[in-house]
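Engineer: If it helps, the file is called data-v1.tsv and holds TSV, C-alpha atoms:
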chain	number	residue	atom	x	y	z
Y	1142	MET	CA	15.46	71.64	-19.66
Y	1143	ARG	CA	13.81	68.22	-19.64
Y	1144	LYS	CA	12.53	65.98	-16.83
Y	1145	VAL	CA	12.10	62.22	-17.27
Y	1146	ALA	CA	10.76	59.71	-14.79
Y	1147	ALA	CA	10.03	55.97	-14.69
Y	1148	ASN	CA	8.93	53.22	-12.31
Y	1149	TYR	CA	12.55	53.06	-11.18
Y	1150	VAL	CA	15.66	55.11	-11.81
Y	1151	PHE	CA	18.95	53.21	-11.51
Y	1152	PRO	CA	21.70	55.81	-10.96
Y	1153	VAL	CA	24.26	52.93	-10.62
Y	1154	SER	CA	26.47	54.98	-8.28
Y	1155	SER	CA	23.67	54.86	-5.70
Y	1156	ALA	CA	20.60	52.78	-4.86
Y	1157	PRO	CA	17.64	52.54	-7.28
Y	1158	ILE	CA	14.96	55.22	-6.84
Y	1159	ARG	CA	11.30	54.26	-7.13
Y	1160	ASN	CA	9.44	56.80	-9.31
Y	1161	GLY	CA	12.60	58.89	-9.49
Y	1162	ILE	CA	13.03	61.92	-11.74
Y	1163	VAL	CA	16.12	62.84	-13.76
Y	1164	THR	CA	16.43	66.44	-14.96
Y	1165	PHE	CA	18.93	67.43	-17.66
Y	1166	ASN	CA	19.64	70.46	-19.83
Y	1167	ASP	CA	19.69	70.88	-23.59
Y	1168	GLU	CA	23.23	69.48	-23.75
Y	1169	GLY	CA	22.19	66.29	-21.94
Y	1170	ILE	CA	24.01	67.24	-18.73
Y	1171	ILE	CA	22.21	66.10	-15.57
Y	1172	THR	CA	21.17	68.95	-13.30
Y	1173	GLU	CA	19.08	67.08	-10.71
Y	1174	ILE	CA	18.15	63.55	-9.60
Y	1175	LYS	CA	15.02	63.63	-7.46
Y	1176	ASP	CA	13.85	61.03	-4.97
Y	1177	ASN	CA	10.27	61.59	-3.75
Y	1178	GLY	CA	10.37	58.67	-1.35
Y	1179	GLY	CA	8.59	56.43	-3.84
Y	1180	ALA	CA	5.64	58.77	-4.34
Y	1181	LEU	CA	4.53	59.29	-7.92
Y	1182	MET	CA	4.90	62.99	-8.54
Y	1183	GLU	CA	2.69	64.61	-11.14
Y	1184	ALA	CA	3.84	67.98	-12.39
Y	1185	GLN	CA	3.83	69.88	-15.61
Y	1186	GLY	CA	6.66	68.93	-17.95
Y	1187	ILE	CA	7.53	65.56	-16.42
Y	1188	GLU	CA	7.73	62.70	-18.94
Y	1189	PHE	CA	6.82	59.44	-17.20
Y	1190	TYR	CA	7.79	56.08	-18.75
Y	1191	ASN	CA	6.84	52.53	-17.89
Y	1192	GLY	CA	10.12	50.74	-17.25
Y	1193	ILE	CA	13.45	51.68	-15.72
Y	1194	LEU	CA	15.89	54.46	-16.52
Y	1195	VAL	CA	19.58	53.53	-16.71
Y	1196	PRO	CA	22.70	55.38	-17.89
Y	1197	GLY	CA	24.05	54.89	-21.40
Y	1198	PHE	CA	25.98	51.64	-21.84
Y	1199	VAL	CA	29.75	51.32	-22.25
Y	1200	ASN	CA	31.05	48.68	-24.66
Y	1201	CYS	CA	34.64	47.97	-23.62
Y	1202	HIS	CA	35.50	45.60	-26.47
Y	1203	CYS	CA	34.44	45.78	-30.09
Y	1204	HIS	CA	35.94	45.20	-33.56
Y	1205	LEU	CA	34.13	47.61	-35.86
Y	1206	GLU	CA	36.49	46.66	-38.70
Y	1207	LEU	CA	34.91	43.20	-38.85
Y	1208	SER	CA	31.32	44.42	-39.21
Y	1209	HIS	CA	31.14	43.28	-42.85
Y	1210	LEU	CA	31.58	39.66	-41.68
Y	1211	HIS	CA	28.20	39.49	-39.95
Y	1212	LYS	CA	26.81	35.92	-40.11
Y	1213	LYS	CA	29.64	34.85	-42.45
Y	1214	ILE	CA	31.63	32.77	-39.95
Y	1215	SER	CA	30.44	29.44	-38.56
Y	1216	HIS	CA	29.13	29.20	-35.02
Y	1217	GLY	CA	30.59	27.16	-32.14
Y	1218	ASN	CA	33.59	25.57	-33.87
Y	1219	GLY	CA	36.35	27.03	-31.71
Y	1220	LEU	CA	38.79	29.91	-31.97
Y	1221	MET	CA	41.12	28.37	-34.55
Y	1222	THR	CA	38.27	27.68	-36.98
Y	1223	PHE	CA	37.01	31.21	-36.36
Y	1224	ILE	CA	40.46	32.70	-37.10
Y	1225	ASN	CA	40.96	30.61	-40.23
Y	1226	GLU	CA	37.55	31.54	-41.63
Y	1227	LEU	CA	38.04	35.20	-40.73
Y	1228	VAL	CA	41.41	35.39	-42.51
Y	1229	SER	CA	40.05	33.68	-45.60
Y	1230	ILE	CA	37.20	36.18	-46.15
Y	1231	ARG	CA	38.29	39.35	-44.33
Y	1232	ASN	CA	39.56	41.36	-47.31
Y	1233	VAL	CA	36.69	42.81	-49.35
Y	1234	ASP	CA	35.99	46.11	-51.09
Y	1235	ILE	CA	36.87	48.98	-48.74
Y	1236	ARG	CA	33.60	50.73	-49.61
Y	1237	ASP	CA	31.64	47.75	-48.29
Y	1238	ILE	CA	33.80	47.62	-45.16
Y	1239	LYS	CA	33.26	51.31	-44.39
Y	1240	HIS	CA	29.51	51.09	-45.06
Y	1241	CYS	CA	29.14	48.16	-42.65
Y	1242	ILE	CA	31.22	49.98	-40.04
Y	1243	SER	CA	28.94	53.02	-40.28
Y	1244	VAL	CA	25.82	50.87	-39.98
Y	1245	ALA	CA	27.23	49.04	-36.94
Y	1246	ASP	CA	28.10	52.36	-35.27
Y	1247	SER	CA	24.52	53.59	-35.79
Y	1248	GLN	CA	23.10	50.35	-34.42
Y	1249	MET	CA	25.21	50.57	-31.29
Y	1250	TYR	CA	24.01	54.13	-30.73
Y	1251	SER	CA	20.38	53.02	-31.08
Y	1252	GLU	CA	21.10	50.25	-28.55
Y	1253	GLY	CA	21.97	52.92	-25.99
Y	1254	ILE	CA	25.76	52.57	-26.18
Y	1255	VAL	CA	27.53	55.87	-25.51
Y	1256	ALA	CA	31.20	54.83	-25.35
Y	1257	VAL	CA	33.25	52.06	-26.98
Y	1258	GLY	CA	36.73	50.59	-26.68
Y	1259	ASP	CA	37.34	49.49	-30.27
Y	1260	ILE	CA	40.10	47.27	-31.65
Y	1261	SER	CA	41.62	48.40	-34.93
Y	1262	ASN	CA	44.36	47.04	-37.18
Y	1263	THR	CA	43.83	49.66	-39.91
Y	1264	SER	CA	42.42	53.15	-40.45
Y	1265	ASP	CA	39.16	51.75	-41.91
Y	1266	SER	CA	36.97	52.92	-39.01
Y	1267	ILE	CA	38.30	56.48	-38.70
Y	1268	THR	CA	35.68	58.10	-40.96
Y	1269	ALA	CA	32.80	56.54	-39.00
Y	1270	LYS	CA	34.36	57.49	-35.67
Y	1271	MET	CA	34.79	61.10	-36.74
Y	1272	ALA	CA	31.06	61.32	-37.59
Y	1273	SER	CA	29.79	59.23	-34.66
Y	1274	LYS	CA	27.75	60.34	-31.66
Y	1275	ILE	CA	29.58	57.64	-29.67
Y	1276	LYS	CA	32.78	58.34	-27.73
Y	1277	TYR	CA	35.51	55.97	-28.96
Y	1278	HIS	CA	38.90	54.93	-27.66
Y	1279	THR	CA	40.74	52.94	-30.32
Y	1280	PHE	CA	43.11	50.15	-29.34
Y	1281	ILE	CA	45.63	49.92	-32.19
Y	1282	GLU	CA	46.36	46.22	-32.16
Y	1283	LEU	CA	49.74	44.70	-33.06
Y	1284	PHE	CA	50.93	41.10	-33.38
Y	1285	ASP	CA	54.03	39.42	-34.78
Y	1286	LEU	CA	53.46	35.65	-34.34
Y	1287	TYR	CA	57.07	35.41	-33.12
Y	1288	PHE	CA	58.69	35.95	-36.50
Y	1289	LYS	CA	57.78	39.33	-37.99
Y	1290	ASP	CA	59.96	42.47	-37.92
Y	1291	VAL	CA	59.08	44.12	-34.61
Y	1292	GLY	CA	60.61	47.46	-35.61
Y	1293	GLU	CA	58.43	47.73	-38.69
Y	1294	LEU	CA	55.30	46.77	-36.75
Y	1295	ILE	CA	55.97	49.38	-34.06
Y	1296	ALA	CA	56.64	52.05	-36.69
Y	1297	ASN	CA	53.37	51.27	-38.49
Y	1298	GLY	CA	51.45	51.32	-35.20
Y	1299	ALA	CA	52.97	54.67	-34.27
Y	1300	LEU	CA	52.00	56.14	-37.65
Y	1301	LEU	CA	48.40	54.99	-37.20
Y	1302	GLN	CA	48.32	56.41	-33.68
Y	1303	LYS	CA	49.63	59.73	-35.00
Y	1304	GLN	CA	46.81	59.75	-37.56
Y	1305	TYR	CA	44.25	59.29	-34.77
Y	1306	GLU	CA	45.88	61.98	-32.64
Y	1307	GLU	CA	45.90	64.54	-35.47
Y	1308	LEU	CA	42.15	64.02	-35.85
Y	1309	GLY	CA	41.54	64.43	-32.14
Y	1310	LEU	CA	40.65	60.76	-31.63
Y	1311	SER	CA	41.79	58.86	-28.55
Y	1312	SER	CA	43.96	55.78	-29.14
Y	1313	SER	CA	46.68	53.55	-27.69
Y	1314	ILE	CA	48.96	50.81	-29.05
Y	1315	VAL	CA	48.25	47.35	-27.61
Y	1316	PRO	CA	49.06	43.66	-28.17
Y	1317	HIS	CA	46.57	41.28	-29.79
Y	1318	ALA	CA	46.92	38.16	-27.61
Y	1319	PRO	CA	49.58	36.28	-25.63
Y	1320	TYR	CA	49.90	33.59	-28.29
Y	1321	SER	CA	50.48	36.07	-31.14
Y	1322	VAL	CA	52.92	38.50	-29.51
Y	1323	SER	CA	56.61	37.87	-28.88
Y	1324	PRO	CA	58.39	39.05	-25.70
Y	1325	GLU	CA	60.23	41.63	-27.82
Y	1326	LEU	CA	56.97	43.09	-29.13
Y	1327	PHE	CA	55.43	43.07	-25.63
Y	1328	VAL	CA	58.38	45.16	-24.36
Y	1329	ASN	CA	58.19	47.59	-27.26
Y	1330	ILE	CA	54.44	48.11	-26.82
Y	1331	ALA	CA	54.87	48.75	-23.09
Y	1332	SER	CA	57.25	51.62	-23.91
Y	1333	PHE	CA	54.28	53.57	-25.33
Y	1334	HIS	CA	52.38	53.39	-22.03
Y	1335	LYS	CA	52.44	55.76	-19.10
Y	1336	LYS	CA	50.34	56.36	-16.00
Y	1337	GLY	CA	46.64	56.16	-16.79
Y	1338	SER	CA	47.06	55.01	-20.40
Y	1339	LEU	CA	44.71	52.32	-21.74
Y	1340	TYR	CA	45.95	48.82	-22.50
Y	1341	SER	CA	43.91	45.88	-23.80
Y	1342	ILE	CA	44.71	42.25	-24.63
Y	1343	HIS	CA	42.68	39.14	-25.49
Y	1344	ASN	CA	43.17	36.69	-22.63
Y	1345	GLN	CA	42.67	32.91	-22.28
Y	1346	GLU	CA	40.05	32.69	-24.99
Y	1347	THR	CA	40.71	29.02	-25.81
Y	1348	THR	CA	42.12	25.95	-24.03
Y	1349	ASP	CA	44.87	25.77	-26.66
Y	1350	GLU	CA	46.25	29.07	-25.40
Y	1351	ASP	CA	47.17	27.63	-22.00
Y	1352	LEU	CA	48.27	24.32	-23.55
Y	1353	MET	CA	50.67	26.16	-25.86
Y	1354	PHE	CA	52.44	27.90	-22.96
Y	1355	LEU	CA	52.32	24.96	-20.56
Y	1356	GLU	CA	53.44	22.10	-22.78
Y	1357	GLY	CA	54.16	23.34	-26.29
Y	1358	LYS	CA	51.18	21.43	-27.64
Y	1359	GLY	CA	47.84	22.07	-29.33
Y	1360	VAL	CA	46.51	23.66	-32.48
Y	1361	LEU	CA	47.80	27.15	-31.67
Y	1362	PHE	CA	51.29	25.87	-30.96
Y	1363	ASP	CA	51.34	23.83	-34.14
Y	1364	MET	CA	50.23	26.84	-36.21
Y	1365	ILE	CA	52.92	29.13	-34.82
Y	1366	ASN	CA	55.64	26.46	-34.74
Y	1367	LYS	CA	55.18	25.93	-38.48
Y	1368	MET	CA	55.84	29.60	-39.23
Y	1369	PRO	CA	59.25	30.38	-40.77
Y	1370	ASN	CA	61.76	31.43	-38.08
Y	1371	SER	CA	59.25	31.00	-35.25
Y	1372	ARG	CA	60.97	31.46	-31.87
Y	1373	PHE	CA	58.18	30.47	-29.46
Y	1374	LEU	CA	59.25	28.42	-26.44
Y	1375	PRO	CA	56.83	26.97	-23.84
Y	1376	THR	CA	57.09	28.52	-20.38
Y	1377	GLY	CA	55.69	25.66	-18.31
Y	1378	LYS	CA	53.04	28.05	-16.96
Y	1379	ALA	CA	49.55	28.97	-18.11
Y	1380	SER	CA	49.12	31.89	-20.49
Y	1381	LEU	CA	48.29	34.68	-18.01
Y	1382	PRO	CA	51.18	33.97	-15.60
Y	1383	SER	CA	53.50	33.67	-18.63
Y	1384	TYR	CA	52.93	37.20	-19.91
Y	1385	PHE	CA	51.72	38.97	-16.77
Y	1386	ASP	CA	55.03	40.74	-16.10
Y	1387	TYR	CA	54.85	42.41	-19.53
Y	1388	LEU	CA	51.72	44.34	-18.54
Y	1389	PRO	CA	52.50	48.03	-17.91
Y	1390	ASN	CA	52.36	48.75	-14.19
Y	1391	GLU	CA	50.57	52.12	-14.26
Y	1392	SER	CA	48.17	51.60	-17.16
Y	1393	LYS	CA	44.49	50.79	-17.00
Y	1394	VAL	CA	44.56	47.20	-18.27
Y	1395	LEU	CA	41.62	45.41	-19.89
Y	1396	LEU	CA	41.85	41.60	-20.15
Y	1397	VAL	CA	39.24	40.51	-22.69
Y	1398	HIS	CA	37.20	37.27	-22.86
Y	1399	ASN	CA	38.86	35.27	-20.01
Y	1400	THR	CA	36.80	32.27	-21.08
Y	1401	PHE	CA	39.20	29.73	-19.58
Y	1402	SER	CA	40.71	31.79	-16.72
Y	1403	ARG	CA	40.86	30.00	-13.39
Y	1404	ALA	CA	40.96	31.20	-9.79
Y	1405	GLU	CA	44.70	30.64	-9.43
Y	1406	HIS	CA	45.33	32.90	-12.43
Y	1407	ILE	CA	43.03	35.62	-11.12
Y	1408	GLN	CA	45.04	36.03	-7.92
Y	1409	LEU	CA	47.72	37.77	-9.97
Y	1410	LEU	CA	45.39	40.63	-10.87
Y	1411	LYS	CA	44.61	42.05	-7.47
Y	1412	ASN	CA	47.52	44.49	-7.19
Y	1413	LYS	CA	47.11	46.19	-10.59
Y	1414	ASP	CA	44.46	48.37	-12.19
Y	1415	ILE	CA	42.97	45.51	-14.20
Y	1416	THR	CA	39.42	44.97	-15.42
Y	1417	LEU	CA	38.17	41.72	-16.89
Y	1418	VAL	CA	36.00	42.45	-19.93
Y	1419	LEU	CA	33.32	39.82	-20.57
Y	1420	CYS	CA	31.83	39.20	-24.02
Y	1421	PRO	CA	29.53	36.25	-23.23
Y	1422	ASN	CA	27.61	36.10	-26.50
Y	1423	ALA	CA	30.85	36.04	-28.50
Y	1424	ASN	CA	32.25	33.35	-26.19
Y	1425	ARG	CA	29.21	31.22	-26.95
Y	1426	TYR	CA	29.47	31.99	-30.66
Y	1427	ILE	CA	33.13	30.96	-30.89
Y	1428	GLU	CA	33.80	28.39	-28.14
Y	1429	ASN	CA	30.22	27.55	-27.09
Y	1430	ARG	CA	31.21	28.31	-23.51
Y	1431	LEU	CA	30.91	31.08	-20.91
Y	1432	PRO	CA	33.63	32.23	-18.49
Y	1433	ASP	CA	33.34	31.33	-14.81
Y	1434	ILE	CA	31.69	34.64	-13.99
Y	1435	PRO	CA	30.55	33.65	-10.46
Y	1436	MET	CA	34.21	32.91	-9.64
Y	1437	PHE	CA	35.23	36.38	-10.82
Y	1438	VAL	CA	32.52	37.89	-8.60
Y	1439	LYS	CA	33.63	35.81	-5.61
Y	1440	GLU	CA	37.24	36.90	-6.11
Y	1441	GLY	CA	36.19	40.56	-6.16
Y	1442	ILE	CA	37.68	41.30	-9.59
Y	1443	LYS	CA	36.51	44.39	-11.49
Y	1444	LEU	CA	34.27	43.39	-14.41
Y	1445	ALA	CA	33.03	45.22	-17.50
Y	1446	LEU	CA	31.21	44.19	-20.67
Y	1447	GLY	CA	31.93	44.09	-24.39
Y	1448	THR	CA	30.25	42.79	-27.52
Y	1449	ASP	CA	33.24	41.66	-29.61
Y	1450	SER	CA	32.49	41.93	-33.35
Y	1451	LEU	CA	29.63	41.19	-35.72
Y	1452	ALA	CA	31.83	38.39	-37.01
Y	1453	SER	CA	31.37	36.67	-33.64
Y	1454	ASN	CA	28.04	38.03	-32.44
Y	1455	TYR	CA	24.55	38.50	-33.81
Y	1456	LYS	CA	24.12	42.00	-32.37
Y	1457	LEU	CA	26.29	44.74	-30.86
Y	1458	SER	CA	24.16	45.24	-27.76
Y	1459	ILE	CA	25.27	45.49	-24.14
Y	1460	LEU	CA	21.69	44.74	-23.08
Y	1461	GLU	CA	21.87	41.39	-24.90
Y	1462	GLU	CA	25.15	40.58	-23.10
Y	1463	MET	CA	23.48	41.41	-19.79
Y	1464	LYS	CA	20.52	39.17	-20.65
Y	1465	THR	CA	22.85	36.23	-21.23
Y	1466	ILE	CA	24.59	36.73	-17.90
Y	1467	VAL	CA	21.46	37.07	-15.73
Y	1468	ALA	CA	19.80	34.12	-17.48
Y	1469	SER	CA	22.88	31.90	-17.12
Y	1470	PHE	CA	23.83	32.94	-13.57
Y	1471	PRO	CA	20.60	33.82	-11.71
Y	1472	ASP	CA	22.46	34.38	-8.43
Y	1473	ILE	CA	24.10	37.45	-9.97
Y	1474	SER	CA	21.75	40.41	-9.64
Y	1475	PHE	CA	20.69	42.67	-12.49
Y	1476	GLU	CA	21.89	45.68	-10.50
Y	1477	GLU	CA	25.41	44.24	-10.35
Y	1478	VAL	CA	25.51	43.37	-14.06
Y	1479	LEU	CA	24.18	46.86	-14.88
Y	1480	GLN	CA	27.19	48.32	-13.08
Y	1481	TRP	CA	29.51	46.23	-15.31
Y	1482	GLY	CA	27.82	47.57	-18.44
Y	1483	THR	CA	27.90	51.22	-17.32
Y	1484	LEU	CA	30.08	52.63	-14.54
Y	1485	ASN	CA	32.71	49.87	-14.48
Y	1486	GLY	CA	33.12	50.16	-18.24
Y	1487	ALA	CA	33.42	53.94	-18.02
Y	1488	LYS	CA	36.10	53.62	-15.34
Y	1489	ALA	CA	37.99	51.00	-17.37
Y	1490	LEU	CA	38.15	53.44	-20.32
Y	1491	GLY	CA	38.90	56.46	-18.12
Y	1492	LEU	CA	35.57	58.09	-18.98
Y	1493	GLU	CA	33.81	58.09	-15.60
Y	1494	ALA	CA	33.82	61.90	-15.37
Y	1495	ASP	CA	31.12	61.99	-18.04
Y	1496	PHE	CA	29.67	58.49	-18.42
Y	1497	GLY	CA	28.52	55.47	-16.46
Y	1498	SER	CA	26.12	56.82	-13.83
Y	1499	PHE	CA	23.40	59.37	-13.14
Y	1500	GLU	CA	25.18	62.11	-11.22
Y	1501	VAL	CA	24.79	65.87	-11.39
Y	1502	GLY	CA	27.23	67.32	-13.90
Y	1503	LYS	CA	27.59	64.13	-15.95
Y	1504	LYS	CA	26.38	63.55	-19.51
Y	1505	PRO	CA	25.88	59.78	-19.48
Y	1506	GLY	CA	22.94	59.37	-21.85
Y	1507	ILE	CA	19.62	57.96	-20.64
Y	1508	ASN	CA	18.20	54.58	-21.65
Y	1509	LEU	CA	14.73	53.27	-20.93
Y	1510	ILE	CA	14.59	49.50	-20.45
Y	1511	CYS	CA	11.09	48.31	-21.31
Y	1512	ASN	CA	9.49	44.99	-20.34
Y	1513	PHE	CA	11.37	44.93	-17.07
Y	1514	ASP	CA	10.38	42.22	-14.57
Y	1515	PHE	CA	9.46	44.31	-11.52
Y	1516	GLN	CA	8.59	41.25	-9.45
Y	1517	LYS	CA	12.10	39.84	-9.76
Y	1518	MET	CA	13.74	43.22	-10.40
Y	1519	THR	CA	15.59	41.99	-13.44
Y	1520	ILE	CA	15.58	41.94	-17.23
Y	1521	ASP	CA	14.33	39.00	-19.27
Y	1522	LYS	CA	14.47	37.83	-22.88
Y	1523	ASP	CA	11.74	40.31	-23.92
Y	1524	SER	CA	13.36	43.42	-22.42
Y	1525	PHE	CA	14.43	46.07	-24.90
Y	1526	ILE	CA	15.94	49.53	-25.09
Y	1527	LYS	CA	14.49	52.90	-25.95
Y	1528	LYS	CA	17.18	55.56	-26.11
Y	1529	LEU	CA	15.83	58.76	-24.55
Y	1530	VAL	CA	18.97	60.91	-24.51
When written as structure tokens, how does the structure in this file appear?
Structural biologist:
Amino acid sequence: MRKVAANYVFPVSSAPIRNGIVTFNDEGIITEIKDNGGALMEAQGIEFYNGILVPGFVNCHCHLELSHLHKKISHGNGLMTFINELVSIRNVDIRDIKHCISVADSQMYSEGIVAVGDISNTSDSITAKMASKIKYHTFIELFDLYFKDVGELIANGALLQKQYEELGLSSSIVPHAPYSVSPELFVNIASFHKKGSLYSIHNQETTDEDLMFLEGKGVLFDMINKMPNSRFLPTGKASLPSYFDYLPNESKVLLVHNTFSRAEHIQLLKNKDITLVLCPNANRYIENRLPDIPMFVKEGIKLALGTDSLASNYKLSILEEMKTIVASFPDISFEEVLQWGTLNGAKALGLEADFGSFEVGKKPGINLICNFDFQKMTIDKDSFIKKLV
């Protein structure tokens, strides 16, 4: 049994507790959360820390497979440049790929991340996930660019999913992005989904995505239109309205990035179990732009956080994503952003029974955030994590 306390405890599912105490057993399961009315309680066995205690973070969007591309892709030149550079250098020695995946997994754990929704196109990350202390759900990502054999793609995805299942690893088959998935592939992917299953898709990450669907113009359209046997036809609508009806009705759906989503698009989301996953540091790295996060807040949309990959980010850290948001949008409180990086993420991945908040019976992990600004009750550029549990 262990008792830890700090200047404030942020349970997330309830109000912050000044000088609160969290008690947990040898398995990390919380047995008590004590509020002494703000009084600093001194008792044998209590570990007191200067800072705030928060639950372990949930990273809803990552690409572990791209970890070997850290700092190898240019910054701020747009999605198409990013994709072209990624494709040109992605294939390297599998031993290097697996080593970098393992290192990235360890770094996320040290950054207080306890659960991850990870995108995979191959089996490269399986070994690291089997050995990891992090809980993973793998999104097996498919795309056909409107001309590939859908049957073969589905068969390959099903084989990879079977491999995950046989190893006891959670996974689901999902589309890459609206611009890279044909209607036929969307329909086939949806057939794998049932009530409560997890579904993820990159959404409105570049202006060319909407332009492609609206007018049949732009760099993305030109790239796909040049492919042999391409069958893409503009819809006359923006990207999200164009593919929205392909989203499975009863799945937990994660729309990732949303850099160019507008209020009229967001209205579509309110009758489905949909969470917008924000990866602000990756958005800056690729498009040099942030989503309209205050608009999402105003519209009451569920939000969670991701890091994207080390190909598009300098660090896989939910705390760093939170720093970017509170610094860029000071009207959004730290407490609200903390919920996105913990409980909302756990709910989006169906893991809220164990993760996301300090509640008796849960095993969420415990992070200490140091250099917290107690005057403003927020984090700043110098805040950092110490993983306690």
Engineer: Which polymer residues have any atom within 10 Å of an atom of Y:Ser1498, counting only C-alpha atoms, with same-chain residues fewer than 5 positions away left out, as a PyMOL selection string?
Structural biologist: chain Y and resi 1151-1155+1195-1198+1480+1483-1485+1487+1493+1503-1507
Engineer: In Å, how far is it from atom CA of Y:Gly1497 to atom CA of Y:Asp1259?
Structural biologist: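 It comes out at 17.4 Å.
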Engineer: Given all atoms listed in the file as the basis, pick out the residue of Y:Phe1189, Y:Tyr1387, Y:Trp1481, Y:Phe1284 nearest to Y:Leu1446.
Structural biologist: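 Looking at the shortest contact to Y:Leu1446, the residue is Y:Trp1481.
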Engineer: Up to 9 Å from (28.1, 41.3, -31.3) in the file's coordinates: name the residues, counting all atoms listed in the file, as a list in words.
Structural biologist: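 The requested residues, written out, are Cys1203, His1211, Cys1420, Asn1422, Ala1423, Gly1447, Thr1448, Asp1449, Ser1450, Leu1451, Ala1452, Ser1453, Asn1454, Tyr1455, Lys1456, Leu1457, Ser1458, Ile1459, Glu1461 and Glu1462 of chain Y.
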Engineer: Give me, please, the distance in Å between atom CA of Y:Lys1336 and atom CA of Y:Glu1391, quoted to one decimal.
Structural biologist: 4.6 Å
Engineer: Quick one: of Y:Met1249, Y:Leu1374, Y:Leu1181, Y:Leu1326, who's nearest to Y:Glu1293, counting all atoms listed in the file?
Structural biologist: Y:Leu1326
Engineer: Every residue with an atom at most 9 Å from (21.8, 68.2, -19.7) (file coordinates; all atoms listed in the file) is what I'm after, so could you write them as a list in words?
Structural biologist: Met1142, Arg1143, Thr1164, Phe1165, Asn1166, Asp1167, Glu1168, Gly1169, Ile1170, Ile1171, Thr1172, Gly1502, Lys1503 and Lys1504 of chain Y
Engineer: With all atoms listed in the file as the atoms that count, which of Y:Asn1200, Y:Ser1323, Y:Asn1297, Y:Thr1222 lies nearest to Y:Ile1275?
Structural biologist: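 When distances to Y:Ile1275 are compared using all atoms listed in the file, the smallest one comes from Y:Asn1200.
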Engineer: Would you kindly return, as a count of residues only, each protein, DNA or RNA residue with an atom no farther than 6 Å from any atom of Y:Ser1312, considering all atoms listed in the file and excluding same-chain residues fewer than 6 positions away?
Structural biologist: 3
Engineer: Determine the nearest neighbour of Y:His1216 from the options Y:Phe1373, Y:Phe1437, Y:Phe1470, Y:Tyr1426, counting all atoms listed in the file.
Structural biologist: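 The shortest atom-to-atom distance to Y:His1216 comes from Y:Tyr1426.
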Engineer: How far is it from atom CA of Y:Asn1366 to atom CA of Y:Asn1225, in Å with one decimal?
Structural biologist: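 One can read the atom CA of Y:Asn1366 to atom CA of Y:Asn1225 distance as 16.2 Å.
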Engineer: Can you work out which one of Y:Leu1308, Y:Ile1235, Y:Val1397, Y:Val1478 has the shortest atom-to-atom distance to Y:Gln1345, counting all atoms listed in the file?
Structural biologist: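 Distance minimum relative to Y:Gln1345 lands on Y:Val1397.
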Engineer: Can you tell me which residues surround Y:Asn1508 at a distance of at most 10 Å, considering all atoms listed in the file, apart from same-chain residues fewer than 2 positions away, and format the answer as a PyMOL selection string?
Structural biologist: chain Y and resi 1192-1198+1251-1254+1505-1506+1510-1511+1525-1530
